[in-house]
Amino acid sequence: MSAIQEVVTEAPAVEAVPKRAMTLGYGTSLALLLVLILVPLFVKNFIIFQLTMLLIYAVAVLALNILTGGSGQFSLGQSAFYAVGAYTSAILMEHADINYALTLPIAGIVCFVFGFLFGQPALRLSGVYLALATFALATAMPQLLKLGVFEKWTGGVQGLVVTKPDAPFGLPMSQDMWLYYFTLAVSVAIYVSSVNLLRSRSGRAFMAIRDNEIAASAMGIDVALYKTLAFGVSAGITGVAGGLGAIAVQFVAPDGYTITLAISLFLGMVVGGVGWLPGSIVGSAFIIFVPNIAEGISKGLSGAVFGVLLFLVIFLVPHGARQVAVVAQQLLGKFKKS
Amino acid sequence: MELFINQVLAGIATGAIYACMALAVVMIYQAIDHLNFAQGEMAMFSTFISWQLMQWGIPYWGAFVLTLALSFAGGVLIERLLFKPLAKAPILTNVAGFIALYAIINSVAGLIWDFTIKQYPTPFGSSPFLGSQLISTHQAGMIGVTILLLILLYLFFQFTRVGLAMRAAASVPESARLVGINTSWMIALGWGMAAAIGSIAGMMIAPVVFLEPNMMLGVLIYGFAAAVLGGLTSPFGAVIGGFLVGIFENLVGTYIPGVGNELKLPIALALIITVLVVKPAGLFGRPIVKRV
């Protein structure tokens, strides 16, 4: 063994994002919400379905954003938590006849516990190990779901078919439209609570850990606890998104939750801007519509397009959509003045 | 008893491949402190190149050497173009870069050679080795090639100026720069060598797992498991880790009922988690000390 003891001064995992820059102002938020409420009234059912998926992935990207942008940790295994949430919802609905709306909090809690426990070992270590452990988790998850032992509940390779809920109280809406508004309500609730979480004492603890772990622990923050907590919260929210996804797609199967999904969510976060919560919806739009366009050109092209765009984002706009929004705002300001 | 010896030998054979992957991962980790998530895909792409060369009528060993050279050049090129500019970027940016590389290579391989499974030739044949039923000639060949590679690498790092410079650049970059070592190019060289070592792993395992764009995912996870077990800071540990993981995988598959091929990846996951919990620095790694 060499005589030189390795001494590492760790570089920050992600660049610090000021707290105020993490959210939108009230006016912009309300305008965006109004658009999201009105749009489905004017489009076809298939587009409503796509918008529903847009919101669902936005929630999943948001969850990753809390973990990475908030507490400075990585996860390449979000697809695993998404899968667990989806399966929890699907199994509860199909085998236990529980109302779809009630399965979501259960999916969230199951994933929170799963994420919290999974985070325990990996979180005591540096970012590289966490990325590694979550990467392994994401690749192993489809095989775990296919296991013969669980086949009675999970349906094995075939997966499970989920019935689509009708609009309640005899509301005159199509199933797709009802599901859209349901998803929108859940997403808004999650977004508002996430913003509040990051503004709370715990949120400040997350950010302190992100910016400097040693300084944070010197201030009396239980670093291991808050890191695991961030991981659990992120997993829980992803689980809710997974449950919503299962209801919207009406189907769960192991091969729907491969490492490709984890990569997509990661990409969505980077494109939307790490640490900028509203960017989640931009990132989500990106991961839903870009593959459609790419697969239209040639089958199997979407991976390459994803990768190339990811490199472009890294090199040209490292802050993702947030950077674009800021530049646009400045241009608008100049325009108004002149 | 014969079954046991048989499985241990087969484990050493696949372990040789894991050792190569782990070694490639550790080489890049030593140089830039990041795990290369695209290592498996790079190896897969090299294997496809060698397959294409053979389709064009080049004999096996010719294609083998040519692929090594091309992979080396490819590795250097990737470092120079994509990862050198990211050297000072936060960890997240680097992870995103590796993920992007993974997606690009996987997708491009599928576009060029499509996703159907292809046969891949072995230069050693698959008859019983030296008349014994314990191991096939291909498995023996895999072990032989790996051991030869390890000896060559050892000689390179111990007895050549470039090898010494590379070790210096990896362990104390500042001091290495002061004595006139071009550390930036040493990193590129490390990338090239890692790509070449990975390509050997790919070409050796391809006759077993068959050739297709997703063939290296399982091997890469086991490579990671091996690297973690041996310690990410120790190339020697990575090799030992590779052999141990290979033997472990085979024995678990043989003696624990219900654990077959369909649990291959969860076993690797469990192994990684166990090592991280019990001995995070790995068997031979140095514990990392943080400066406050």
# chains A, B, ... in the order shown; residues from 1 in each chain; ligands from 1
call {"tool": "closest_atom_pairs", "arguments": {"of": "chain B", "to": "chain A", "cutoff": "7 Å", "atoms": "only C-alpha atoms", "output": "CSV"}}
result
residue,atom,partner,partner_atom,distance
B:His34,CA,A:Val128,CA,6.9
B:Leu35,CA,A:Val128,CA,6.9
B:Pro90,CA,A:Val14,CA,5.4
B:Ile91,CA,A:Ala13,CA,5.0
B:Leu92,CA,A:Val14,CA,5.8
B:Thr93,CA,A:Ile314,CA,6.7
B:Gly97,CA,A:Phe311,CA,6.4
B:Ala100,CA,A:Gly307,CA,4.0
B:Leu101,CA,A:Gly307,CA,6.2
B:Ala103,CA,A:Gly303,CA,4.9
B:Ile104,CA,A:Ala304,CA,4.0
B:Ser107,CA,A:Gly303,CA,5.0
B:Val108,CA,A:Ala304,CA,6.3
B:Gly110,CA,A:Gly300,CA,6.5
B:Leu111,CA,A:Gly300,CA,6.2
B:Ile221,CA,A:Ala136,CA,6.4
B:Glu262,CA,A:Gln143,CA,6.2
B:Leu263,CA,A:Gln143,CA,6.5
B:Leu265,CA,A:Ala140,CA,4.9
B:Pro266,CA,A:Ala140,CA,5.0
B:Leu269,CA,A:Ala136,CA,5.5
B:Ile272,CA,A:Ala133,CA,6.9
B:Ile273,CA,A:Ala133,CA,6.9
B:Leu276,CA,A:Pro121,CA,6.6
B:Val277,CA,A:Pro121,CA,5.4
B:Ile288,CA,A:Glu6,CA,6.2
B:Val289,CA,A:Val7,CA,5.0
B:Lys290,CA,A:Val8,CA,5.1
B:Arg291,CA,A:Thr9,CA,5.4
B:Val292,CA,A:Ile214,CA,6.9
call {"tool": "residues_around", "arguments": {"residues": "segment 60-67 of chain A", "least_positions_apart": "6", "cutoff": "9 Å", "atoms": "only C-alpha atoms", "output": "ChimeraX atom specification"}}
result
/A:73-75,78,82,191,194,198,206,227,230-231,233-242,265-270,272-281,283-284
call {"tool": "write_last_selection", "arguments": {"atoms": "C-alpha atoms", "output": "compact mmCIF listing (two decimals), in the first residue's frame"}}
result
# COMPACT_ATOMS: atom_id res chain seq x y z
CA GLN A 73 -27.82 13.51 -4.33
CA PHE A 74 -28.30 11.41 -7.43
CA SER A 75 -30.55 8.61 -8.32
CA GLN A 78 -36.17 6.37 -10.13
CA TYR A 82 -42.03 4.36 -10.17
CA TYR A 191 -46.11 20.77 -6.33
CA SER A 194 -42.87 20.36 -2.45
CA LEU A 198 -38.14 23.24 0.42
CA PHE A 206 -31.44 19.64 2.48
CA LYS A 227 -30.16 12.56 3.22
CA ALA A 230 -34.80 13.37 1.05
CA PHE A 231 -34.36 10.03 -0.65
CA VAL A 233 -39.60 11.73 0.06
CA SER A 234 -38.37 11.59 -3.51
CA ALA A 235 -39.16 7.87 -3.74
CA GLY A 236 -42.60 8.43 -2.20
CA ILE A 237 -43.56 11.13 -4.71
CA THR A 238 -42.23 8.99 -7.55
CA GLY A 239 -44.41 6.17 -6.23
CA VAL A 240 -47.51 8.37 -6.42
CA ALA A 241 -46.55 9.26 -10.00
CA GLY A 242 -46.13 5.55 -10.73
CA LEU A 265 -36.50 10.92 -15.89
CA PHE A 266 -32.90 11.90 -15.25
CA LEU A 267 -32.78 13.58 -18.64
CA GLY A 268 -36.04 15.39 -17.91
CA MET A 269 -34.53 16.83 -14.76
CA VAL A 270 -31.36 18.02 -16.48
CA GLY A 272 -35.77 21.26 -17.03
CA GLY A 273 -32.99 22.71 -14.95
CA VAL A 274 -31.64 21.08 -11.79
CA GLY A 275 -33.21 22.67 -8.74
CA TRP A 276 -35.86 24.63 -10.65
CA LEU A 277 -39.14 22.94 -9.76
CA PRO A 278 -41.32 24.41 -12.55
CA GLY A 279 -38.73 23.10 -15.01
CA SER A 280 -40.03 19.62 -14.25
CA ILE A 281 -42.95 20.15 -16.60
CA GLY A 283 -38.43 18.29 -18.85
CA SER A 284 -41.48 16.06 -18.84
call {"tool": "closest_residue", "arguments": {"among": "B:Ala73, B:Val162, B:Ala140, B:Ile205", "to": "Ile12 of chain B", "atoms": "only C-alpha atoms"}}
result
B:Ala140
call {"tool": "residues_around", "arguments": {"residues": "Thr88 of chain A", "least_positions_apart": "4", "cutoff": "12 Å", "atoms": "only C-alpha atoms", "output": "short mmCIF file (atom, residue, chain, number, x, y, z; two decimals) with C-alpha atoms, in the first residue's frame"}}
result
data_model
loop_
_atom_site.label_atom_id
_atom_site.label_comp_id
_atom_site.auth_asym_id
_atom_site.auth_seq_id
_atom_site.Cartn_x
_atom_site.Cartn_y
_atom_site.Cartn_z
CA PHE A 81 -39.68 3.48 -7.34
CA TYR A 82 -42.03 4.36 -10.17
CA ALA A 83 -42.51 0.63 -10.79
CA VAL A 84 -43.15 -0.13 -7.12
CA LEU A 92 -54.60 -2.89 -4.64
CA MET A 93 -57.13 -1.98 -7.32
CA GLU A 94 -57.34 -5.37 -8.97
CA HIS A 95 -56.88 -7.78 -6.06
CA ALA A 96 -58.24 -5.82 -3.11
CA ILE A 98 -59.68 -0.51 -3.30
CA TYR A 100 -58.08 4.15 -7.23
CA LEU A 102 -57.03 5.68 -2.12
CA THR A 103 -54.29 3.53 -3.65
CA LEU A 104 -52.15 6.59 -4.37
CA PRO A 105 -51.30 7.55 -0.78
CA ILE A 106 -50.62 3.88 -0.05
CA ALA A 107 -48.30 3.69 -3.07
CA GLY A 108 -46.59 6.83 -1.79
CA ILE A 109 -46.09 5.41 1.68
CA VAL A 110 -44.84 2.05 0.39
CA CYS A 111 -42.31 3.81 -1.83
CA PHE A 114 -38.73 1.38 0.33
CA LEU A 145 -41.02 -8.03 -10.80
CA TRP A 153 -50.14 -10.82 -7.47
CA THR A 154 -47.96 -9.26 -10.15
CA LEU A 160 -51.72 -6.65 -14.84
CA VAL A 162 -56.15 -2.03 -14.61
CA GLY A 236 -42.60 8.43 -2.20
CA GLY A 239 -44.41 6.17 -6.23
CA VAL A 240 -47.51 8.37 -6.42
CA ALA A 241 -46.55 9.26 -10.00
CA GLY A 242 -46.13 5.55 -10.73
CA GLY A 243 -49.60 4.82 -9.30
CA LEU A 244 -51.13 7.56 -11.43
CA GLY A 245 -49.25 6.18 -14.43
CA ALA A 246 -50.67 2.69 -13.86
CA ILE A 247 -54.22 4.10 -13.73
CA VAL A 252 -48.43 -2.55 -15.67
#
call {"tool": "residues_around", "arguments": {"residues": "Met207 of chain A", "least_positions_apart": "2", "cutoff": "8 Å", "atoms": "only C-alpha atoms", "output": "PyMOL selection string"}}
result
chain A and resi 70-72+203-205+209-211
call {"tool": "write_last_selection", "arguments": {"atoms": "C-alpha atoms", "output": "CSV table (one decimal), in the first residue's frame"}}
result
chain,number,residue,atom,x,y,z
A,70,GLY,CA,-32.7,20.1,-3.1
A,71,SER,CA,-30.3,17.8,-1.3
A,72,GLY,CA,-27.6,17.3,-4.0
A,203,GLY,CA,-35.8,22.0,3.1
A,204,ARG,CA,-33.1,24.4,4.4
A,205,ALA,CA,-31.4,21.4,5.9
A,209,ILE,CA,-26.2,19.5,2.9
A,210,ARG,CA,-26.2,20.1,-0.9
A,211,ASP,CA,-24.0,23.1,-0.6
call {"tool": "decode", "arguments": {"residues": "segment 138-161 of chain A", "atoms": "N, CA and C atoms", "output": "JSON list (two decimals), in the first residue's frame"}}
result
[["chain", "number", "residue", "atom", "x", "y", "z"],
["A", 138, "ALA", "N", -32.14, -0.09, -10.64],
["A", 138, "ALA", "CA", -32.99, 0.09, -11.82],
["A", 138, "ALA", "C", -32.85, -1.07, -12.79],
["A", 139, "THR", "N", -31.63, -1.60, -12.96],
["A", 139, "THR", "CA", -31.48, -2.71, -13.90],
["A", 139, "THR", "C", -32.06, -4.00, -13.33],
["A", 140, "ALA", "N", -32.03, -4.13, -12.00],
["A", 140, "ALA", "CA", -32.50, -5.38, -11.41],
["A", 140, "ALA", "C", -34.02, -5.42, -11.28],
["A", 141, "MET", "N", -34.67, -4.23, -11.25],
["A", 141, "MET", "CA", -36.10, -4.19, -10.94],
["A", 141, "MET", "C", -36.99, -5.03, -11.86],
["A", 142, "PRO", "N", -36.83, -4.95, -13.20],
["A", 142, "PRO", "CA", -37.71, -5.78, -14.04],
["A", 142, "PRO", "C", -37.61, -7.27, -13.70],
["A", 143, "GLN", "N", -36.40, -7.75, -13.40],
["A", 143, "GLN", "CA", -36.25, -9.17, -13.05],
["A", 143, "GLN", "C", -36.93, -9.50, -11.74],
["A", 144, "LEU", "N", -36.87, -8.57, -10.78],
["A", 144, "LEU", "CA", -37.54, -8.80, -9.50],
["A", 144, "LEU", "C", -39.04, -8.89, -9.69],
["A", 145, "LEU", "N", -39.57, -8.04, -10.59],
["A", 145, "LEU", "CA", -41.02, -8.03, -10.80],
["A", 145, "LEU", "C", -41.50, -9.29, -11.50],
["A", 146, "LYS", "N", -40.60, -9.91, -12.27],
["A", 146, "LYS", "CA", -40.98, -11.12, -13.01],
["A", 146, "LYS", "C", -40.93, -12.37, -12.14],
["A", 147, "LEU", "N", -40.40, -12.25, -10.92],
["A", 147, "LEU", "CA", -40.19, -13.42, -10.08],
["A", 147, "LEU", "C", -41.42, -14.30, -9.93],
["A", 148, "GLY", "N", -41.19, -15.61, -10.00],
["A", 148, "GLY", "CA", -42.29, -16.55, -9.89],
["A", 148, "GLY", "C", -43.03, -16.47, -8.56],
["A", 149, "VAL", "N", -42.30, -16.14, -7.48],
["A", 149, "VAL", "CA", -42.90, -16.11, -6.15],
["A", 149, "VAL", "C", -44.06, -15.12, -6.08],
["A", 150, "PHE", "N", -43.89, -13.97, -6.74],
["A", 150, "PHE", "CA", -44.90, -12.93, -6.66],
["A", 150, "PHE", "C", -45.94, -13.02, -7.77],
["A", 151, "GLU", "N", -45.81, -14.06, -8.60],
["A", 151, "GLU", "CA", -46.61, -14.06, -9.83],
["A", 151, "GLU", "C", -48.11, -13.99, -9.56],
["A", 152, "LYS", "N", -48.52, -14.56, -8.42],
["A", 152, "LYS", "CA", -49.93, -14.57, -8.08],
["A", 152, "LYS", "C", -50.49, -13.15, -8.06],
["A", 153, "TRP", "N", -49.67, -12.21, -7.57],
["A", 153, "TRP", "CA", -50.14, -10.82, -7.47],
["A", 153, "TRP", "C", -49.74, -9.98, -8.66],
["A", 154, "THR", "N", -48.46, -10.17, -9.12],
["A", 154, "THR", "CA", -47.96, -9.26, -10.15],
["A", 154, "THR", "C", -48.33, -9.69, -11.56],
["A", 155, "GLY", "N", -48.76, -10.94, -11.72],
["A", 155, "GLY", "CA", -49.07, -11.40, -13.07],
["A", 155, "GLY", "C", -47.84, -11.75, -13.88],
["A", 156, "GLY", "N", -46.66, -11.80, -13.23],
["A", 156, "GLY", "CA", -45.44, -12.22, -13.92],
["A", 156, "GLY", "C", -45.10, -11.37, -15.12],
["A", 157, "VAL", "N", -44.65, -12.04, -16.19],
["A", 157, "VAL", "CA", -44.22, -11.32, -17.39],
["A", 157, "VAL", "C", -45.38, -10.58, -18.04],
["A", 158, "GLN", "N", -46.60, -11.20, -17.95],
["A", 158, "GLN", "CA", -47.75, -10.60, -18.61],
["A", 158, "GLN", "C", -48.18, -9.27, -18.00],
["A", 159, "GLY", "N", -47.95, -9.13, -16.71],
["A", 159, "GLY", "CA", -48.36, -7.91, -16.03],
["A", 159, "GLY", "C", -49.83, -7.93, -15.66],
["A", 160, "LEU", "N", -50.34, -6.77, -15.30],
["A", 160, "LEU", "CA", -51.72, -6.65, -14.84],
["A", 160, "LEU", "C", -52.46, -5.61, -15.67],
["A", 161, "VAL", "N", -53.74, -5.88, -15.89],
["A", 161, "VAL", "CA", -54.58, -4.88, -16.57],
["A", 161, "VAL", "C", -55.41, -4.16, -15.51]]
